[in-house]
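File shown: entry.txt (compact mmCIF, N, CA and C atoms).
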```txt
# COMPACT_ATOMS: atom_id res chain seq x y z
N THR B 1 277.40 9.67 43.15
CA THR B 1 276.68 10.13 41.96
C THR B 1 276.66 9.01 40.92
N GLN B 2 275.78 9.15 39.93
CA GLN B 2 275.63 8.15 38.88
C GLN B 2 276.38 8.59 37.64
N SER B 3 277.02 7.65 36.96
CA SER B 3 277.67 7.95 35.69
C SER B 3 276.67 7.71 34.57
N THR B 4 277.10 7.93 33.33
CA THR B 4 276.21 7.73 32.20
C THR B 4 275.89 6.26 31.97
N TRP B 5 276.69 5.34 32.54
CA TRP B 5 276.45 3.91 32.36
C TRP B 5 275.70 3.31 33.54
N GLY B 6 275.26 4.14 34.47
CA GLY B 6 274.47 3.65 35.59
C GLY B 6 275.29 3.14 36.77
N LYS B 7 276.61 3.13 36.65
CA LYS B 7 277.44 2.69 37.76
C LYS B 7 277.67 3.84 38.72
N LYS B 8 277.84 3.51 39.98
CA LYS B 8 278.11 4.54 40.98
C LYS B 8 279.55 5.01 40.85
N VAL B 9 279.75 6.31 40.77
CA VAL B 9 281.08 6.88 40.58
C VAL B 9 281.45 7.67 41.82
N ARG B 10 282.69 7.51 42.24
CA ARG B 10 283.20 8.21 43.40
C ARG B 10 283.61 9.63 43.00
N GLU B 11 283.19 10.62 43.78
CA GLU B 11 283.59 12.00 43.49
C GLU B 11 284.93 12.30 44.13
N LEU B 12 285.81 12.93 43.37
CA LEU B 12 287.13 13.29 43.87
C LEU B 12 287.10 14.71 44.41
N PRO B 13 287.86 14.99 45.46
CA PRO B 13 287.89 16.35 45.97
C PRO B 13 288.57 17.27 44.97
N GLN B 14 288.17 18.53 44.97
CA GLN B 14 288.71 19.48 43.99
C GLN B 14 290.16 19.80 44.24
N ALA B 15 290.63 19.69 45.47
CA ALA B 15 292.00 20.06 45.78
C ALA B 15 293.01 18.98 45.43
N MET B 16 292.55 17.80 45.04
CA MET B 16 293.47 16.70 44.76
C MET B 16 294.16 16.91 43.42
N LEU B 17 295.46 16.75 43.41
CA LEU B 17 296.23 16.85 42.19
C LEU B 17 296.71 15.47 41.79
N PRO B 18 296.87 15.21 40.49
CA PRO B 18 297.31 13.88 40.07
C PRO B 18 298.66 13.48 40.65
N LEU B 19 299.58 14.42 40.77
CA LEU B 19 300.90 14.07 41.29
C LEU B 19 300.85 13.72 42.77
N SER B 20 299.98 14.36 43.52
CA SER B 20 299.87 14.00 44.94
C SER B 20 299.27 12.61 45.07
N LEU B 21 298.35 12.25 44.18
CA LEU B 21 297.80 10.90 44.19
C LEU B 21 298.87 9.89 43.82
N LEU B 22 299.70 10.22 42.83
CA LEU B 22 300.78 9.31 42.43
C LEU B 22 301.80 9.13 43.56
N ASN B 23 302.15 10.22 44.21
CA ASN B 23 303.12 10.11 45.31
C ASN B 23 302.59 9.25 46.45
N CYS B 24 301.30 9.31 46.71
CA CYS B 24 300.71 8.46 47.74
C CYS B 24 300.61 7.02 47.26
N SER B 25 300.67 6.79 45.95
CA SER B 25 300.53 5.44 45.39
C SER B 25 301.84 4.67 45.34
N ILE B 26 302.94 5.30 45.69
CA ILE B 26 304.24 4.61 45.62
C ILE B 26 304.21 3.40 46.55
N GLY B 27 304.59 2.25 45.99
CA GLY B 27 304.58 1.00 46.74
C GLY B 27 303.29 0.20 46.59
N HIS B 28 302.28 0.79 45.94
CA HIS B 28 301.00 0.09 45.75
C HIS B 28 300.85 -0.35 44.29
N SER B 29 299.96 -1.32 44.09
CA SER B 29 299.67 -1.80 42.74
C SER B 29 298.79 -0.80 42.00
N MET B 30 298.99 -0.73 40.69
CA MET B 30 298.18 0.15 39.86
C MET B 30 298.12 -0.37 38.44
N LEU B 31 297.14 0.09 37.70
CA LEU B 31 297.01 -0.25 36.29
C LEU B 31 297.23 1.02 35.48
N VAL B 32 298.04 0.93 34.44
CA VAL B 32 298.34 2.07 33.57
C VAL B 32 297.95 1.68 32.16
N GLU B 33 297.08 2.46 31.54
CA GLU B 33 296.77 2.24 30.12
C GLU B 33 297.44 3.33 29.32
N LEU B 34 298.10 2.91 28.24
CA LEU B 34 298.79 3.84 27.37
C LEU B 34 297.89 4.27 26.21
N LYS B 35 298.29 5.33 25.54
CA LYS B 35 297.52 5.83 24.40
C LYS B 35 297.45 4.82 23.26
N ASN B 36 298.44 3.93 23.17
CA ASN B 36 298.43 2.92 22.11
C ASN B 36 297.58 1.70 22.46
N GLY B 37 296.98 1.66 23.66
CA GLY B 37 296.08 0.59 24.05
C GLY B 37 296.69 -0.46 24.95
N GLU B 38 298.01 -0.51 25.08
CA GLU B 38 298.65 -1.47 25.97
C GLU B 38 298.35 -1.12 27.42
N THR B 39 298.27 -2.16 28.26
CA THR B 39 298.08 -1.92 29.69
C THR B 39 299.24 -2.53 30.46
N TYR B 40 299.61 -1.86 31.54
CA TYR B 40 300.69 -2.30 32.43
C TYR B 40 300.12 -2.37 33.83
N ASN B 41 300.23 -3.55 34.41
CA ASN B 41 299.75 -3.77 35.77
C ASN B 41 300.95 -4.08 36.64
N GLY B 42 301.23 -3.24 37.64
CA GLY B 42 302.39 -3.47 38.47
C GLY B 42 302.41 -2.60 39.70
N ARG B 43 303.51 -2.68 40.44
CA ARG B 43 303.69 -1.92 41.67
C ARG B 43 304.52 -0.68 41.36
N LEU B 44 304.05 0.48 41.81
CA LEU B 44 304.72 1.75 41.52
C LEU B 44 305.97 1.91 42.37
N LEU B 45 307.11 2.07 41.70
CA LEU B 45 308.38 2.33 42.40
C LEU B 45 308.60 3.81 42.62
N GLY B 46 308.24 4.62 41.62
CA GLY B 46 308.46 6.06 41.74
C GLY B 46 307.86 6.80 40.57
N CYS B 47 307.78 8.12 40.71
CA CYS B 47 307.26 8.99 39.66
C CYS B 47 307.94 10.33 39.78
N ASP B 48 307.85 11.14 38.71
CA ASP B 48 308.42 12.48 38.76
C ASP B 48 307.37 13.50 38.35
N ALA B 49 307.78 14.75 38.22
CA ALA B 49 306.85 15.85 37.96
C ALA B 49 306.21 15.76 36.58
N LYS B 50 306.81 15.02 35.66
CA LYS B 50 306.23 14.88 34.32
C LYS B 50 305.42 13.60 34.19
N MET B 51 305.10 12.96 35.31
CA MET B 51 304.31 11.74 35.39
C MET B 51 305.01 10.54 34.75
N ASN B 52 306.32 10.58 34.64
CA ASN B 52 307.06 9.40 34.23
C ASN B 52 306.98 8.41 35.38
N LEU B 53 306.70 7.14 35.07
CA LEU B 53 306.49 6.14 36.11
C LEU B 53 307.53 5.03 36.01
N SER B 54 307.89 4.51 37.14
CA SER B 54 308.75 3.34 37.21
C SER B 54 307.98 2.26 37.96
N LEU B 55 307.73 1.14 37.27
CA LEU B 55 306.93 0.06 37.84
C LEU B 55 307.80 -1.19 38.02
N THR B 56 307.42 -2.02 38.97
CA THR B 56 308.07 -3.31 39.18
C THR B 56 307.00 -4.39 39.25
N GLN B 57 307.42 -5.67 39.03
CA GLN B 57 306.51 -6.81 39.01
C GLN B 57 305.36 -6.55 38.03
N VAL B 58 305.72 -6.30 36.77
CA VAL B 58 304.78 -5.80 35.77
C VAL B 58 304.25 -6.93 34.90
N ILE B 59 302.97 -6.85 34.59
CA ILE B 59 302.36 -7.69 33.56
C ILE B 59 301.83 -6.75 32.48
N CYS B 60 302.39 -6.89 31.29
CA CYS B 60 302.00 -6.05 30.15
C CYS B 60 301.00 -6.83 29.31
N THR B 61 299.92 -6.17 28.90
CA THR B 61 298.90 -6.78 28.07
C THR B 61 298.84 -6.03 26.75
N SER B 62 298.76 -6.75 25.64
CA SER B 62 298.70 -6.11 24.33
C SER B 62 297.37 -5.38 24.16
N LYS B 63 297.31 -4.58 23.11
CA LYS B 63 296.10 -3.81 22.82
C LYS B 63 294.89 -4.73 22.63
N ASP B 64 295.10 -5.86 21.96
CA ASP B 64 294.01 -6.80 21.69
C ASP B 64 293.65 -7.63 22.92
N GLY B 65 294.55 -7.73 23.88
CA GLY B 65 294.31 -8.52 25.08
C GLY B 65 294.61 -9.99 24.88
N ASP B 66 295.27 -10.33 23.77
CA ASP B 66 295.56 -11.74 23.52
C ASP B 66 296.99 -12.14 23.84
N ARG B 67 297.88 -11.17 24.11
CA ARG B 67 299.27 -11.48 24.45
C ARG B 67 299.63 -10.82 25.78
N PHE B 68 300.45 -11.52 26.57
CA PHE B 68 300.87 -11.03 27.88
C PHE B 68 302.37 -11.19 28.01
N TRP B 69 303.00 -10.26 28.71
CA TRP B 69 304.42 -10.34 29.02
C TRP B 69 304.61 -10.04 30.49
N GLN B 70 305.50 -10.77 31.12
CA GLN B 70 305.83 -10.51 32.50
C GLN B 70 307.21 -9.85 32.52
N LEU B 71 307.30 -8.66 33.13
CA LEU B 71 308.53 -7.89 33.17
C LEU B 71 308.93 -7.66 34.62
N PRO B 72 310.23 -7.74 34.92
CA PRO B 72 310.65 -7.45 36.29
C PRO B 72 310.49 -5.97 36.62
N GLU B 73 310.78 -5.09 35.65
CA GLU B 73 310.65 -3.63 35.83
C GLU B 73 310.33 -2.99 34.50
N CYS B 74 309.72 -1.83 34.54
CA CYS B 74 309.55 -1.05 33.31
C CYS B 74 309.44 0.43 33.66
N TYR B 75 309.73 1.26 32.67
CA TYR B 75 309.68 2.71 32.80
C TYR B 75 308.68 3.21 31.77
N ILE B 76 307.74 4.03 32.18
CA ILE B 76 306.71 4.55 31.28
C ILE B 76 306.82 6.07 31.23
N ARG B 77 306.97 6.59 30.03
CA ARG B 77 307.04 8.04 29.87
C ARG B 77 305.64 8.63 30.06
N GLY B 78 305.58 9.72 30.80
CA GLY B 78 304.31 10.30 31.22
C GLY B 78 303.40 10.73 30.09
N ASN B 79 303.97 11.21 28.96
CA ASN B 79 303.09 11.70 27.90
C ASN B 79 302.42 10.57 27.12
N ASN B 80 302.77 9.31 27.39
CA ASN B 80 302.12 8.17 26.73
C ASN B 80 300.94 7.62 27.52
N ILE B 81 300.72 8.14 28.72
CA ILE B 81 299.69 7.58 29.60
C ILE B 81 298.31 8.12 29.22
N LYS B 82 297.37 7.19 29.05
CA LYS B 82 295.98 7.58 28.82
C LYS B 82 295.27 7.74 30.16
N TYR B 83 295.36 6.72 31.00
CA TYR B 83 294.79 6.83 32.35
C TYR B 83 295.48 5.88 33.31
N LEU B 84 295.27 6.16 34.59
CA LEU B 84 295.81 5.36 35.69
C LEU B 84 294.64 4.86 36.53
N ARG B 85 294.79 3.66 37.06
CA ARG B 85 293.77 3.15 37.98
C ARG B 85 294.47 2.73 39.26
N VAL B 86 294.07 3.35 40.36
CA VAL B 86 294.66 3.07 41.67
C VAL B 86 293.57 2.54 42.59
N PRO B 87 293.94 1.82 43.65
CA PRO B 87 292.92 1.33 44.59
C PRO B 87 292.16 2.48 45.24
N PRO B 88 290.87 2.29 45.52
CA PRO B 88 290.07 3.36 46.11
C PRO B 88 290.56 3.82 47.49
N GLU B 89 291.25 2.92 48.22
CA GLU B 89 291.76 3.32 49.53
C GLU B 89 292.75 4.47 49.41
N LEU B 90 293.50 4.49 48.30
CA LEU B 90 294.49 5.56 48.11
C LEU B 90 293.81 6.90 47.86
N VAL B 91 292.69 6.88 47.17
CA VAL B 91 291.95 8.13 46.94
C VAL B 91 291.49 8.69 48.28
N ASP B 92 291.01 7.81 49.17
CA ASP B 92 290.59 8.26 50.49
C ASP B 92 291.77 8.78 51.30
N LEU B 93 292.94 8.16 51.14
CA LEU B 93 294.14 8.59 51.85
C LEU B 93 294.55 9.99 51.41
N VAL B 94 294.46 10.27 50.12
CA VAL B 94 294.84 11.58 49.60
C VAL B 94 293.83 12.63 50.05
N LYS B 95 292.56 12.26 50.16
CA LYS B 95 291.54 13.19 50.65
C LYS B 95 291.90 13.70 52.04
N ASP B 96 292.41 12.79 52.89
CA ASP B 96 292.76 13.16 54.25
C ASP B 96 293.96 14.10 54.29
N GLU B 97 294.84 14.00 53.31
CA GLU B 97 296.02 14.85 53.26
C GLU B 97 295.76 16.07 52.38
N ALA B 98 294.82 16.90 52.78
CA ALA B 98 294.49 18.09 52.00
C ALA B 98 295.67 19.05 52.00
N PRO B 99 295.97 19.68 50.86
CA PRO B 99 297.10 20.60 50.81
C PRO B 99 296.81 21.85 51.64
N PRO B 100 297.82 22.44 52.27
CA PRO B 100 297.60 23.65 53.06
C PRO B 100 297.17 24.80 52.16
N SER B 101 296.28 25.63 52.69
CA SER B 101 295.82 26.76 51.89
C SER B 101 296.91 27.81 51.79
N LYS B 102 296.98 28.43 50.63
CA LYS B 102 298.01 29.44 50.40
C LYS B 102 297.53 30.78 50.94
N SER B 103 298.36 31.41 51.74
CA SER B 103 297.99 32.73 52.24
C SER B 103 298.47 33.79 51.25
N LYS B 104 297.88 34.94 51.32
CA LYS B 104 298.24 36.01 50.38
C LYS B 104 299.64 36.54 50.64
N ASP B 105 300.14 36.39 51.89
CA ASP B 105 301.49 36.88 52.19
C ASP B 105 302.53 36.08 51.42
N LYS B 106 302.32 34.78 51.26
CA LYS B 106 303.30 33.96 50.56
C LYS B 106 303.26 34.19 49.06
N GLN B 107 302.14 34.65 48.52
CA GLN B 107 302.02 34.86 47.09
C GLN B 107 302.67 36.16 46.66
N ARG B 108 302.84 37.08 47.57
CA ARG B 108 303.40 38.38 47.23
C ARG B 108 304.88 38.25 46.91
N GLY B 109 305.34 38.96 45.91
CA GLY B 109 306.76 38.99 45.60
C GLY B 109 307.23 37.83 44.74
N ARG B 110 306.34 37.12 44.10
CA ARG B 110 306.74 36.00 43.26
C ARG B 110 306.76 36.43 41.80
N GLY B 111 307.59 35.78 41.02
CA GLY B 111 307.58 36.00 39.58
C GLY B 111 308.37 37.22 39.16
N ARG B 112 308.20 37.58 37.91
CA ARG B 112 308.96 38.69 37.32
C ARG B 112 308.06 39.88 37.05
N GLY B 113 307.11 40.13 37.89
CA GLY B 113 306.12 41.18 37.66
C GLY B 113 306.72 42.56 37.47
N ARG B 114 305.89 43.56 37.58
CA ARG B 114 306.31 44.94 37.35
C ARG B 114 306.60 45.67 38.66
N GLY B 115 307.06 44.98 39.65
CA GLY B 115 307.24 45.57 40.96
C GLY B 115 308.45 46.47 41.11
N ARG B 116 309.42 46.41 40.21
CA ARG B 116 310.63 47.22 40.38
C ARG B 116 310.45 48.59 39.76
N ALA B 117 310.98 49.57 40.43
CA ALA B 117 310.92 50.93 39.89
C ALA B 117 312.00 51.09 38.83
N ARG B 118 311.74 51.95 37.88
CA ARG B 118 312.73 52.20 36.83
C ARG B 118 313.45 53.50 37.15
N GLY B 119 314.69 53.52 36.76
CA GLY B 119 315.45 54.75 36.99
C GLY B 119 315.69 54.96 38.47
N GLY B 120 315.50 56.16 38.92
CA GLY B 120 315.64 56.44 40.34
C GLY B 120 317.07 56.78 40.71
N PRO B 121 317.38 56.78 42.00
CA PRO B 121 318.68 57.22 42.47
C PRO B 121 319.82 56.26 42.16
N SER B 122 319.55 55.02 41.84
CA SER B 122 320.65 54.10 41.58
C SER B 122 321.23 54.37 40.19
N ASP B 123 322.45 53.93 39.99
CA ASP B 123 323.12 54.14 38.71
C ASP B 123 322.85 53.01 37.74
N ARG B 124 321.96 52.10 38.07
CA ARG B 124 321.72 50.95 37.22
C ARG B 124 320.38 51.06 36.52
N GLY B 125 320.21 52.00 35.64
CA GLY B 125 318.97 52.15 34.89
C GLY B 125 318.98 51.26 33.67
N ARG B 126 317.98 51.42 32.82
CA ARG B 126 317.90 50.63 31.60
C ARG B 126 318.39 51.45 30.44
N GLY B 127 318.82 50.81 29.42
CA GLY B 127 319.18 51.49 28.20
C GLY B 127 320.65 51.88 28.17
N ARG B 128 320.99 52.75 27.20
CA ARG B 128 322.38 53.10 26.96
C ARG B 128 322.72 54.47 27.49
N GLY B 129 321.86 55.05 28.27
CA GLY B 129 322.13 56.39 28.78
C GLY B 129 323.31 56.43 29.74
N GLN B 130 323.73 57.65 30.09
CA GLN B 130 324.85 57.80 31.00
C GLN B 130 324.37 57.63 32.43
N ALA B 131 325.30 57.30 33.30
CA ALA B 131 324.97 57.15 34.71
C ALA B 131 324.60 58.51 35.28
N GLN B 132 323.86 58.51 36.37
CA GLN B 132 323.39 59.75 36.97
C GLN B 132 324.59 60.58 37.44
N GLY B 133 324.52 61.86 37.20
CA GLY B 133 325.60 62.75 37.60
C GLY B 133 326.57 62.99 36.46
N GLN B 134 326.60 62.13 35.46
CA GLN B 134 327.49 62.31 34.34
C GLN B 134 326.81 62.99 33.16
N ASN B 135 325.48 63.13 33.24
CA ASN B 135 324.78 63.74 32.12
C ASN B 135 324.63 65.25 32.25
N GLN B 136 325.21 65.84 33.29
CA GLN B 136 325.15 67.30 33.43
C GLN B 136 326.34 67.91 32.67
N GLN B 137 326.05 68.95 31.92
CA GLN B 137 327.12 69.61 31.17
C GLN B 137 327.90 70.53 32.08
N LYS B 138 329.19 70.65 31.77
CA LYS B 138 330.04 71.54 32.57
C LYS B 138 329.74 72.97 32.16
N SER B 139 329.72 73.89 33.12
CA SER B 139 329.45 75.28 32.78
C SER B 139 330.64 76.16 32.95
```
Would you give me this structure, written as structure tokens?
Amino acid sequence: TQSTWGKKVRELPQAMLPLSLLNCSIGHSMLVELKNGETYNGRLLGCDAKMNLSLTQVICTSKDGDRFWQLPECYIRGNNIKYLRVPPELVDLVKDEAPPSKSKDKQRGRGRGRGRARGGPSDRGRGRGQAQGQNQQKS
């Protein structure tokens, strides 16, 4: 498809998640731009669920692009990331590893829904009332 600038843009599959792309990118080079404008170009060592990244063999570029620093390693907090750029081969690799579809059987019984009955024959009801069998008056 065409972008607004006339360049050809690759369409990403809808099932792809950013973390799955990051996990496939471990060991590969990538570019990370931060919200403050700095860019980090390096090899991805690892990432976590909050998109915190650990890079090695890093070249940091200032916002203006006039200063450069070479770092052996750096850690980037995920909430500072504006965007990531990975090689197109990795996008194709993630496309091939489509996540398994979730069946309805696995979704049942999750969370804290309203599935439990209240009261009933057990002595563990809610509130400050007496246990069953103790609330009957003696005659």
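Separating atom CA of B:Asp92 from atom N of B:Leu31 is a distance of 16.5 Å.
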Legend entry - Atom-to-atom span, atom CA of B:Met30 and atom CA of B:Glu89, Å: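 Value for the atom CA of B:Met30-atom CA of B:Glu89 distance: 12.0 Å.
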Legend entry - Atom pair atom CA of B:Lys82 / atom C of B:Met51: separation (Å): 11.2 Å
What are the centre and the three edge lengths of an axis-aligned box that wraps all atoms of stretch 24-27 of chain B in the file, given that 4 Å is added to every side, written as AutoDock Vina command-line options and rounded to one decimal in Å?
```
--center_x 302.6 --center_y 4.8 --center_z 46.5 --size_x 12.1 --size_y 17.1 --size_z 10.4
```
Legend entry - Neighbour list for stretch 69-75 of chain B as a PyMOL selection string, cut-off 7 Å, only N, CA and C atoms, skip fewer than 5 positions in-chain: chain B and resi 52-62
Inset, instruction - Return the single residue from B:Leu93, B:Leu19, B:Pro88, B:Ile81 that is closest to B:Tyr40, with distances computed using only C-alpha atoms. - result: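 Counting only C-alpha atoms, the residue closest to B:Tyr40 is B:Ile81.
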Legend entry - Selected residue of minimal separation from B:Thr39 among B:Lys63, B:Phe68, B:Ile76, B:Val91, counting all atoms listed in the file: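 Distance minimum relative to B:Thr39 lands on B:Lys63.
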Legend entry - Residue nearest B:Pro87 among B:Arg43, B:Ser29, B:Arg128, B:Arg67 (counting all atoms listed in the file): B:Ser29
